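Structure file structure_12.txt; described as compact mmCIF, C-alpha atoms.
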# COMPACT_ATOMS: atom_id res chain seq x y z
CA MET E 8 0.00 0.00 0.00
CA LYS E 9 2.81 2.37 0.90
CA LEU E 10 4.56 1.69 -2.40
CA GLN E 11 1.31 2.20 -4.24
CA LYS E 12 0.74 5.56 -2.53
CA LEU E 13 4.31 6.60 -3.29
CA TYR E 14 3.85 5.57 -6.92
CA ASP E 15 0.57 7.44 -7.18
CA ARG E 16 2.10 10.57 -5.64
CA ALA E 17 5.10 10.43 -7.97
CA PHE E 18 2.84 9.85 -10.98
CA GLY E 19 0.64 12.73 -9.96
CA TYR E 20 3.64 15.02 -9.55
CA LEU E 21 5.01 14.05 -12.96
CA TYR E 22 1.60 14.45 -14.54
CA THR E 23 1.20 17.91 -13.02
CA HIS E 24 4.76 19.19 -13.39
CA GLY E 25 5.96 17.07 -16.32
CA PRO E 26 5.89 19.90 -18.87
CA ASP E 27 7.70 22.20 -16.43
CA ILE E 28 10.36 19.57 -15.79
CA LEU E 29 10.81 19.02 -19.52
CA ILE E 30 11.08 22.76 -20.20
CA GLY E 31 13.51 23.11 -17.27
CA LEU E 32 15.78 20.33 -18.64
CA ILE E 33 15.74 21.89 -22.11
CA ILE E 34 16.67 25.30 -20.68
CA PHE E 35 19.35 23.67 -18.52
CA PHE E 36 21.15 22.05 -21.46
CA ILE E 37 20.77 25.16 -23.63
CA GLY E 38 22.18 27.19 -20.73
CA LEU E 39 25.19 24.87 -20.40
CA TRP E 40 25.94 25.30 -24.09
CA PHE E 41 25.56 29.07 -23.86
CA ILE E 42 27.87 29.34 -20.81
CA LYS E 43 30.50 27.25 -22.59
CA PHE E 44 30.25 29.53 -25.62
CA LEU E 45 30.38 32.65 -23.44
CA ARG E 46 33.51 31.43 -21.60
CA SER E 47 35.60 31.48 -24.77
CA ARG E 48 34.21 34.87 -25.78
CA LEU E 49 35.00 36.39 -22.38
CA ARG E 50 38.54 35.02 -22.48
CA ASP E 51 39.13 36.54 -25.93
CA ARG E 52 37.58 39.84 -24.88
CA MET E 53 39.80 40.17 -21.79
CA SER E 54 42.90 39.39 -23.85
CA LYS E 55 41.99 42.07 -26.40
CA ARG E 56 41.37 44.62 -23.64
CA LYS E 57 44.72 43.68 -22.07
CA VAL E 58 43.29 42.77 -18.68
CA HIS E 59 46.16 41.79 -16.36
CA SER E 60 47.01 38.09 -16.63
CA SER E 61 46.63 37.66 -12.86
CA LEU E 62 43.04 38.94 -13.02
CA GLN E 63 41.82 37.05 -16.09
CA PRO E 64 41.31 33.64 -14.36
CA PHE E 65 39.55 35.31 -11.43
CA PHE E 66 37.12 37.37 -13.52
CA LEU E 67 36.45 34.42 -15.82
CA SER E 68 35.81 32.04 -12.93
CA LEU E 69 33.62 34.56 -11.11
CA SER E 70 31.51 35.29 -14.20
CA ILE E 71 31.05 31.64 -15.15
CA THR E 72 30.23 30.59 -11.58
CA ALA E 73 27.61 33.34 -11.31
CA LEU E 74 26.04 32.20 -14.60
CA TYR E 75 25.92 28.58 -13.40
CA ILE E 76 24.21 29.63 -10.16
CA LEU E 77 21.73 31.77 -12.07
CA LEU E 78 21.00 28.90 -14.46
CA ILE E 79 20.40 26.40 -11.66
CA ILE E 80 18.11 28.78 -9.76
CA THR E 81 16.14 29.53 -12.95
CA VAL E 82 15.72 25.84 -13.78
CA MET E 83 14.63 25.03 -10.21
CA GLU E 84 12.02 27.78 -10.33
CA ILE E 85 10.68 26.53 -13.68
CA MET E 86 10.43 22.99 -12.28
CA GLY E 87 8.52 24.25 -9.28
CA LEU E 88 11.24 23.51 -6.72
CA HIS E 89 11.19 26.10 -3.95
CA ILE E 90 14.63 27.34 -2.87
CA THR E 91 13.76 29.53 0.12
CA ILE E 92 15.52 27.26 2.59
CA PHE E 93 18.61 27.06 0.38
CA THR E 94 18.69 30.85 0.12
CA THR E 95 18.57 31.15 3.92
CA ILE E 96 21.39 28.64 4.39
CA ILE E 97 23.58 30.28 1.76
CA GLY E 98 22.95 33.72 3.28
CA ALA E 99 23.90 32.58 6.78
CA PHE E 100 27.02 30.87 5.46
CA SER E 101 28.03 34.00 3.51
CA VAL E 102 27.74 36.19 6.61
CA ALA E 103 29.82 33.77 8.71
CA ALA E 104 32.46 33.42 5.99
CA GLY E 105 32.58 37.20 5.55
CA LEU E 106 33.26 37.77 9.23
CA ALA E 107 35.90 35.05 9.36
CA LEU E 108 37.69 36.14 6.19
CA SER E 109 37.33 39.93 6.37
CA GLY E 110 41.12 40.43 6.36
CA THR E 111 41.50 38.08 3.42
CA PHE E 112 38.80 39.93 1.49
CA GLN E 113 40.58 43.23 2.16
CA ASN E 114 43.79 41.80 0.74
CA PHE E 115 41.88 40.42 -2.23
CA ALA E 116 40.17 43.76 -2.91
CA GLY E 117 43.51 45.56 -2.59
CA GLY E 118 45.10 43.14 -5.06
CA VAL E 119 42.33 43.66 -7.60
CA LEU E 120 42.61 47.46 -7.30
CA ILE E 121 46.41 47.36 -7.62
CA LEU E 122 46.19 45.22 -10.76
CA LEU E 123 43.48 47.44 -12.25
CA LEU E 124 44.75 50.92 -11.29
CA LYS E 125 48.46 50.03 -11.50
CA PRO E 126 50.06 52.41 -8.97
CA PHE E 127 53.18 50.33 -9.66
CA ASP E 128 54.19 47.49 -11.95
CA ILE E 129 56.66 44.62 -12.07
CA ASP E 130 60.31 45.80 -11.78
CA ASP E 131 59.29 49.19 -10.31
CA ASN E 132 61.15 50.33 -7.21
CA ILE E 133 58.70 51.36 -4.51
CA ILE E 134 58.79 52.47 -0.88
CA ALA E 135 55.81 51.22 1.14
CA GLN E 136 55.09 49.95 4.64
CA GLY E 137 58.60 51.03 5.66
CA GLN E 138 60.15 48.80 2.98
CA ASP E 139 62.19 49.82 -0.06
CA GLY E 140 62.61 47.34 -2.89
CA LYS E 141 61.91 46.21 -6.43
CA VAL E 142 58.51 44.68 -7.20
CA VAL E 143 59.07 41.10 -8.38
CA SER E 144 55.51 39.77 -8.13
CA ILE E 145 51.96 41.12 -7.80
CA GLN E 146 49.54 38.45 -6.60
CA ILE E 147 45.86 38.67 -5.75
CA PHE E 148 46.47 38.67 -1.99
CA TYR E 149 50.01 40.02 -1.61
CA THR E 150 52.89 41.81 -3.35
CA VAL E 151 56.50 40.62 -3.23
CA LEU E 152 59.45 43.03 -3.05
CA LEU E 153 63.14 42.25 -3.36
CA THR E 154 65.37 44.59 -1.37
CA ILE E 155 68.81 45.71 -2.45
CA ASP E 156 70.37 43.37 0.13
CA ASN E 157 68.46 40.43 -1.41
CA LYS E 158 65.71 40.06 1.17
CA THR E 159 62.23 39.00 0.05
CA ILE E 160 59.46 41.18 1.53
CA ILE E 161 55.85 40.00 1.29
CA ILE E 162 53.28 42.77 1.88
CA PRO E 163 49.51 42.09 2.14
CA ASN E 164 47.69 44.03 -0.56
CA GLY E 165 45.03 45.35 1.82
CA LYS E 166 47.58 47.33 3.83
CA LEU E 167 49.66 48.18 0.77
CA PHE E 168 46.85 49.80 -1.21
CA ASN E 169 45.37 51.72 1.74
CA GLU E 170 48.58 53.51 2.69
CA VAL E 171 51.16 55.72 1.00
CA ILE E 172 53.09 54.16 -1.89
CA VAL E 173 56.17 55.94 -3.23
CA ASN E 174 56.91 54.79 -6.78
CA VAL E 175 60.56 55.64 -7.36
CA SER E 176 60.70 54.28 -10.92
CA ARG E 177 57.61 55.77 -12.58
CA GLU E 178 59.25 59.00 -13.81
CA ASN E 179 62.46 57.20 -14.87
CA LEU E 180 64.46 59.81 -12.94
CA ARG E 181 65.41 60.12 -9.28
CA ARG E 182 67.08 63.03 -7.59
CA LEU E 183 70.07 62.17 -5.45
CA ASP E 184 70.48 64.51 -2.47
CA PHE E 185 73.18 64.54 0.18
CA GLU E 186 75.18 67.03 2.22
CA VAL E 187 78.91 67.67 2.58
CA LYS E 188 80.35 69.31 5.69
CA LEU E 189 83.54 71.37 5.44
CA GLY E 190 85.53 73.41 7.92
CA TYR E 191 85.25 77.20 8.19
CA ALA E 192 88.76 77.50 6.75
CA ALA E 193 87.55 76.02 3.44
CA ASP E 194 87.36 78.26 0.38
CA VAL E 195 83.67 78.13 -0.62
CA ASP E 196 84.19 78.88 -4.31
CA LYS E 197 87.06 76.40 -4.58
CA ALA E 198 85.05 73.69 -2.82
CA LYS E 199 82.05 74.23 -5.12
CA LYS E 200 84.29 74.08 -8.20
CA ILE E 201 85.81 70.77 -7.05
CA MET E 202 82.40 69.26 -6.26
CA LEU E 203 80.97 70.31 -9.64
CA ALA E 204 83.98 68.76 -11.38
CA ALA E 205 83.46 65.54 -9.41
CA ILE E 206 79.82 65.45 -10.52
CA LYS E 207 80.82 65.79 -14.17
CA ALA E 208 83.39 63.02 -13.77
CA THR E 209 80.94 60.53 -12.23
CA GLU E 210 79.46 58.32 -14.95
CA TYR E 211 76.19 57.49 -13.17
CA VAL E 212 75.08 61.13 -12.93
CA LEU E 213 72.81 62.20 -15.80
CA ASP E 214 74.55 65.10 -17.53
CA ASP E 215 71.40 66.32 -19.30
CA GLN E 216 69.67 67.18 -16.01
CA PRO E 217 70.15 70.22 -13.74
CA VAL E 218 72.81 70.10 -11.01
CA ARG E 219 72.86 72.12 -7.81
CA VAL E 220 75.66 72.61 -5.31
CA GLY E 221 75.31 75.31 -2.68
CA LEU E 222 75.93 76.39 0.90
CA VAL E 223 72.83 75.70 3.00
CA GLY E 224 73.89 75.81 6.63
CA LEU E 225 76.30 77.20 9.20
CA GLU E 226 77.05 75.13 12.27
CA ILE E 227 79.35 75.62 15.24
CA ASP E 228 82.21 73.63 13.76
CA SER E 229 81.36 73.36 10.06
CA ILE E 230 79.61 74.71 6.99
CA ARG E 231 77.08 72.53 5.12
CA PHE E 232 76.81 72.16 1.36
CA THR E 233 73.89 70.46 -0.36
CA VAL E 234 74.40 68.42 -3.53
CA ASN E 235 71.46 67.69 -5.87
CA VAL E 236 71.93 65.60 -9.01
CA TRP E 237 69.69 63.35 -11.10
CA VAL E 238 70.30 59.64 -11.69
CA ASP E 239 68.57 56.59 -13.12
CA PRO E 240 66.50 55.01 -10.31
CA SER E 241 68.21 51.64 -10.81
CA ASN E 242 71.62 53.29 -10.26
CA TYR E 243 70.65 55.34 -7.21
CA LEU E 244 72.82 53.64 -4.60
CA VAL E 245 75.83 52.98 -6.81
CA ALA E 246 75.71 56.61 -8.02
CA LYS E 247 75.58 57.90 -4.45
CA ILE E 248 78.58 55.81 -3.39
CA ALA E 249 80.64 56.72 -6.46
CA LEU E 250 79.89 60.44 -6.25
CA MET E 251 80.50 60.78 -2.51
CA GLU E 252 83.79 58.90 -2.73
CA LYS E 253 84.90 61.03 -5.69
CA MET E 254 84.07 64.29 -3.89
CA ILE E 255 85.79 63.33 -0.63
CA LYS E 256 88.94 62.22 -2.47
CA ASP E 257 89.09 65.31 -4.70
CA LEU E 258 88.40 67.72 -1.82
CA GLY E 259 91.07 66.04 0.32
CA ALA E 260 93.60 66.05 -2.52
CA ALA E 261 92.99 69.77 -3.07
CA GLY E 262 93.64 70.50 0.60
CA VAL E 263 90.11 71.68 1.38
CA ALA E 264 89.60 71.83 5.14
CA PHE E 265 87.20 69.34 6.77
CA PRO E 266 85.65 69.81 10.23
CA LYS E 267 87.97 68.85 13.06
CA ALA E 268 86.99 65.73 15.00
CA GLY E 269 85.80 66.13 18.58

Write out the structure in this file as C-alpha cells.
Amino acid sequence: MKLQKLYDRAFGYLYTHGPDILIGLIIFFIGLWFIKFLRSRLRDRMSKRKVHSSLQPFFLSLSITALYILLIITVMEIMGLHITIFTTIIGAFSVAAGLALSGTFQNFAGGVLILLLKPFDIDDNIIAQGQDGKVVSIQIFYTVLLTIDNKTIIIPNGKLFNEVIVNVSRENLRRLDFEVKLGYAADVDKAKKIMLAAIKATEYVLDDQPVRVGLVGLEIDSIRFTVNVWVDPSNYLVAKIALMEKMIKDLGAAGVAFPKAG
C-alpha cells in the first residue's frame, strides 16, 4: 500500500509538473551550451582589452560561476522547486564566511585594485610599509618586493593599497640629495668648483639634467653644502657611493679643510 501511494504521488507530480520539468531540462542544457560559448568569448575579450594576466582567471571564474548559479536557480524555479531554505542557508554561510575572512577579502580587494589601477608594476622600485625594494611579483592577496640586500618582503595588498606608496621608478628619474660638511677654513668657491667637477666626472650622474651645489647651513664647527643631481633610479645607490667617494677624495687632494673631529 505504501509503495502504491508513493507511486501514485510520484505519478501525480510528474503528470502535473511534467511539462515544467521538460522545459527546465531543455533550458538547462541550452544554458550549459551558452555558458561554454560565453567562456571562450569572455577570455578573448579580456585578452583584447589587455586585462592583467593575474586577473583574467579570477574574472572568468567569477563570471562563469555566477552564470551557473543563475541557471540552476532559474531551472529550479521553472520545475517548481522552492529554494527559500537554500537561500537562507547560503545567506547565513556567507555572513559567517565574511566575518571570518574579512582580512583576506581586504587583501583580495587591494590586489584587484592594484592590478586594475596600477600604482606600480613589475620591476618598479617602490617604498611602502617602511620597505624599499623592487617589485618582483603582484599576486591577488600580496605583493613581493626584493630589497637591495636580497631580502624578500611579502606585503599584504590590503595594507599596501590603503597607505602611502612611493613609486621611485615611474618618472624614470630620481634626484640624489646629500650634504657635505667642510671646515670654516675652506674656500667656498674652490670647494664648489671641485664638487661640480666631481659630478661631471661621475658616470652614473645624468649630464642632461640640472645640477645644484650650494651652501645651505652654518654650524658651530662646520659649513654645510647640499648636492642635488639626477640619476637613473636603478643606479641610485651605486651613483651615491661613487659620487660621494669622488668628492671626498678630490676635496682632500685639493687641501680643502674638513671639520675637526671632537

Please list as a list in words every residue within 6 Å of region 257-264 of chain E, counting all atoms listed in the file and excluding residues in the same chain fewer than 5 positions away. Gly190, Ala192 and Ala193 of chain E

Restricting the calculation to all atoms listed in the file: of E:Gln113, E:Phe265, E:Leu77, E:Val143, which residue gets closest to Ala198 (chain E)? E:Phe265

List the spatial neighbours of Lys188 (chain E) as a PDB file with C-alpha atoms, in the coordinates of the input - criterion: any atom at most 8 Å away, only C-alpha atoms, same-chain residues fewer than 5 positions off excluded.
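Below is the file that was written, out_22.pdb:
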ATOM      1  CA  SER E 229      81.360  73.360  10.060  1.00  0.00           C
ATOM      2  CA  ILE E 230      79.610  74.710   6.990  1.00  0.00           C
ATOM      3  CA  ARG E 231      77.080  72.530   5.120  1.00  0.00           C
ATOM      4  CA  PHE E 232      76.810  72.160   1.360  1.00  0.00           C
ATOM      5  CA  PHE E 265      87.200  69.340   6.770  1.00  0.00           C
ATOM      6  CA  PRO E 266      85.650  69.810  10.230  1.00  0.00           C
TER       7      PRO E 266
END

With distances taken over only C-alpha atoms, which of E:Arg219, E:Ala208, E:Leu152, E:Asp184 is nearest to Lys247 (chain E)? E:Asp184

Across E:Val195, E:Ile133, E:Ile162, E:Leu244, the smallest distance to Val220 (chain E), with all atoms listed in the file counted, is shown by E:Val195

Residues within 12 Å of Arg177 (chain E), all atoms listed in the file, excluding chain neighbours under 5 positions, as a PyMOL selection string: chain E and resi 125-133+172+239-241

Where atoms are missing, can you supply all heavy atoms for region 144-155 of chain E and output the lot as a PDB file, keeping the file's coordinate frame?
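Output (rebuild-v8.pdb):
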ATOM      1  N   SER E 144      56.739  40.535  -7.906  1.00  0.00           N
ATOM      2  CA  SER E 144      55.510  39.770  -8.130  1.00  0.00           C
ATOM      3  C   SER E 144      54.324  40.522  -7.535  1.00  0.00           C
ATOM      4  O   SER E 144      54.414  41.066  -6.435  1.00  0.00           O
ATOM      5  CB  SER E 144      55.620  38.382  -7.503  1.00  0.00           C
ATOM      6  OG  SER E 144      54.425  37.642  -7.676  1.00  0.00           O
ATOM      7  N   ILE E 145      53.218  40.556  -8.295  1.00  0.00           N
ATOM      8  CA  ILE E 145      51.960  41.120  -7.800  1.00  0.00           C
ATOM      9  C   ILE E 145      50.909  40.021  -7.852  1.00  0.00           C
ATOM     10  O   ILE E 145      50.472  39.621  -8.934  1.00  0.00           O
ATOM     11  CB  ILE E 145      51.498  42.327  -8.646  1.00  0.00           C
ATOM     12  CG1 ILE E 145      52.606  43.395  -8.724  1.00  0.00           C
ATOM     13  CG2 ILE E 145      50.233  42.933  -8.060  1.00  0.00           C
ATOM     14  CD1 ILE E 145      52.282  44.528  -9.678  1.00  0.00           C
ATOM     15  N   GLN E 146      50.535  39.506  -6.691  1.00  0.00           N
ATOM     16  CA  GLN E 146      49.540  38.450  -6.600  1.00  0.00           C
ATOM     17  C   GLN E 146      48.206  39.038  -6.141  1.00  0.00           C
ATOM     18  O   GLN E 146      48.110  40.212  -5.782  1.00  0.00           O
ATOM     19  CB  GLN E 146      50.021  37.370  -5.629  1.00  0.00           C
ATOM     20  CG  GLN E 146      51.354  36.750  -6.000  1.00  0.00           C
ATOM     21  CD  GLN E 146      51.319  36.024  -7.342  1.00  0.00           C
ATOM     22  OE1 GLN E 146      50.311  35.424  -7.696  1.00  0.00           O
ATOM     23  NE2 GLN E 146      52.418  36.080  -8.082  1.00  0.00           N
ATOM     24  N   ILE E 147      47.185  38.208  -6.151  1.00  0.00           N
ATOM     25  CA  ILE E 147      45.860  38.670  -5.750  1.00  0.00           C
ATOM     26  C   ILE E 147      45.834  39.106  -4.293  1.00  0.00           C
ATOM     27  O   ILE E 147      45.216  40.110  -3.928  1.00  0.00           O
ATOM     28  CB  ILE E 147      44.807  37.568  -5.999  1.00  0.00           C
ATOM     29  CG1 ILE E 147      44.548  37.401  -7.494  1.00  0.00           C
ATOM     30  CG2 ILE E 147      43.493  37.912  -5.300  1.00  0.00           C
ATOM     31  CD1 ILE E 147      43.896  38.598  -8.154  1.00  0.00           C
ATOM     32  N   PHE E 148      46.543  38.394  -3.415  1.00  0.00           N
ATOM     33  CA  PHE E 148      46.470  38.670  -1.990  1.00  0.00           C
ATOM     34  C   PHE E 148      47.698  39.412  -1.442  1.00  0.00           C
ATOM     35  O   PHE E 148      47.624  39.983  -0.365  1.00  0.00           O
ATOM     36  CB  PHE E 148      46.291  37.369  -1.197  1.00  0.00           C
ATOM     37  CG  PHE E 148      44.981  36.688  -1.460  1.00  0.00           C
ATOM     38  CD1 PHE E 148      44.911  35.583  -2.297  1.00  0.00           C
ATOM     39  CD2 PHE E 148      43.814  37.156  -0.898  1.00  0.00           C
ATOM     40  CE1 PHE E 148      43.700  34.964  -2.551  1.00  0.00           C
ATOM     41  CE2 PHE E 148      42.594  36.544  -1.139  1.00  0.00           C
ATOM     42  CZ  PHE E 148      42.542  35.438  -1.972  1.00  0.00           C
ATOM     43  N   TYR E 149      48.800  39.396  -2.129  1.00  0.00           N
ATOM     44  CA  TYR E 149      50.010  40.020  -1.610  1.00  0.00           C
ATOM     45  C   TYR E 149      50.931  40.446  -2.753  1.00  0.00           C
ATOM     46  O   TYR E 149      50.782  39.992  -3.890  1.00  0.00           O
ATOM     47  CB  TYR E 149      50.754  39.077  -0.662  1.00  0.00           C
ATOM     48  CG  TYR E 149      51.150  37.758  -1.305  1.00  0.00           C
ATOM     49  CD1 TYR E 149      52.327  37.638  -2.034  1.00  0.00           C
ATOM     50  CD2 TYR E 149      50.337  36.631  -1.182  1.00  0.00           C
ATOM     51  CE1 TYR E 149      52.692  36.446  -2.630  1.00  0.00           C
ATOM     52  CE2 TYR E 149      50.690  35.438  -1.774  1.00  0.00           C
ATOM     53  CZ  TYR E 149      51.864  35.344  -2.500  1.00  0.00           C
ATOM     54  OH  TYR E 149      52.212  34.164  -3.096  1.00  0.00           O
ATOM     55  N   THR E 150      51.870  41.346  -2.406  1.00  0.00           N
ATOM     56  CA  THR E 150      52.890  41.810  -3.350  1.00  0.00           C
ATOM     57  C   THR E 150      54.261  41.477  -2.784  1.00  0.00           C
ATOM     58  O   THR E 150      54.494  41.615  -1.583  1.00  0.00           O
ATOM     59  CB  THR E 150      52.755  43.328  -3.578  1.00  0.00           C
ATOM     60  OG1 THR E 150      51.517  43.591  -4.229  1.00  0.00           O
ATOM     61  CG2 THR E 150      53.889  43.860  -4.438  1.00  0.00           C
ATOM     62  N   VAL E 151      55.162  41.046  -3.658  1.00  0.00           N
ATOM     63  CA  VAL E 151      56.500  40.620  -3.230  1.00  0.00           C
ATOM     64  C   VAL E 151      57.531  41.640  -3.694  1.00  0.00           C
ATOM     65  O   VAL E 151      57.571  42.007  -4.875  1.00  0.00           O
ATOM     66  CB  VAL E 151      56.853  39.231  -3.804  1.00  0.00           C
ATOM     67  CG1 VAL E 151      58.228  38.788  -3.309  1.00  0.00           C
ATOM     68  CG2 VAL E 151      55.791  38.201  -3.402  1.00  0.00           C
ATOM     69  N   LEU E 152      58.345  42.116  -2.745  1.00  0.00           N
ATOM     70  CA  LEU E 152      59.450  43.030  -3.050  1.00  0.00           C
ATOM     71  C   LEU E 152      60.773  42.316  -2.816  1.00  0.00           C
ATOM     72  O   LEU E 152      60.883  41.443  -1.943  1.00  0.00           O
ATOM     73  CB  LEU E 152      59.395  44.267  -2.157  1.00  0.00           C
ATOM     74  CG  LEU E 152      58.127  45.118  -2.136  1.00  0.00           C
ATOM     75  CD1 LEU E 152      58.351  46.340  -1.242  1.00  0.00           C
ATOM     76  CD2 LEU E 152      57.731  45.543  -3.522  1.00  0.00           C
ATOM     77  N   LEU E 153      61.771  42.725  -3.574  1.00  0.00           N
ATOM     78  CA  LEU E 153      63.140  42.250  -3.360  1.00  0.00           C
ATOM     79  C   LEU E 153      63.995  43.445  -3.015  1.00  0.00           C
ATOM     80  O   LEU E 153      64.128  44.376  -3.817  1.00  0.00           O
ATOM     81  CB  LEU E 153      63.676  41.557  -4.622  1.00  0.00           C
ATOM     82  CG  LEU E 153      65.074  40.931  -4.491  1.00  0.00           C
ATOM     83  CD1 LEU E 153      65.050  39.770  -3.498  1.00  0.00           C
ATOM     84  CD2 LEU E 153      65.571  40.443  -5.849  1.00  0.00           C
ATOM     85  N   THR E 154      64.569  43.446  -1.810  1.00  0.00           N
ATOM     86  CA  THR E 154      65.370  44.590  -1.370  1.00  0.00           C
ATOM     87  C   THR E 154      66.762  44.529  -1.987  1.00  0.00           C
ATOM     88  O   THR E 154      67.175  43.504  -2.541  1.00  0.00           O
ATOM     89  CB  THR E 154      65.497  44.604   0.159  1.00  0.00           C
ATOM     90  OG1 THR E 154      66.223  43.433   0.588  1.00  0.00           O
ATOM     91  CG2 THR E 154      64.135  44.603   0.826  1.00  0.00           C
ATOM     92  N   ILE E 155      67.485  45.633  -1.848  1.00  0.00           N
ATOM     93  CA  ILE E 155      68.810  45.710  -2.450  1.00  0.00           C
ATOM     94  C   ILE E 155      69.799  44.745  -1.795  1.00  0.00           C
ATOM     95  O   ILE E 155      70.792  44.341  -2.395  1.00  0.00           O
ATOM     96  CB  ILE E 155      69.337  47.163  -2.400  1.00  0.00           C
ATOM     97  CG1 ILE E 155      70.500  47.336  -3.377  1.00  0.00           C
ATOM     98  CG2 ILE E 155      69.715  47.552  -0.978  1.00  0.00           C
ATOM     99  CD1 ILE E 155      70.849  48.771  -3.630  1.00  0.00           C
TER     100      ILE E 155
END
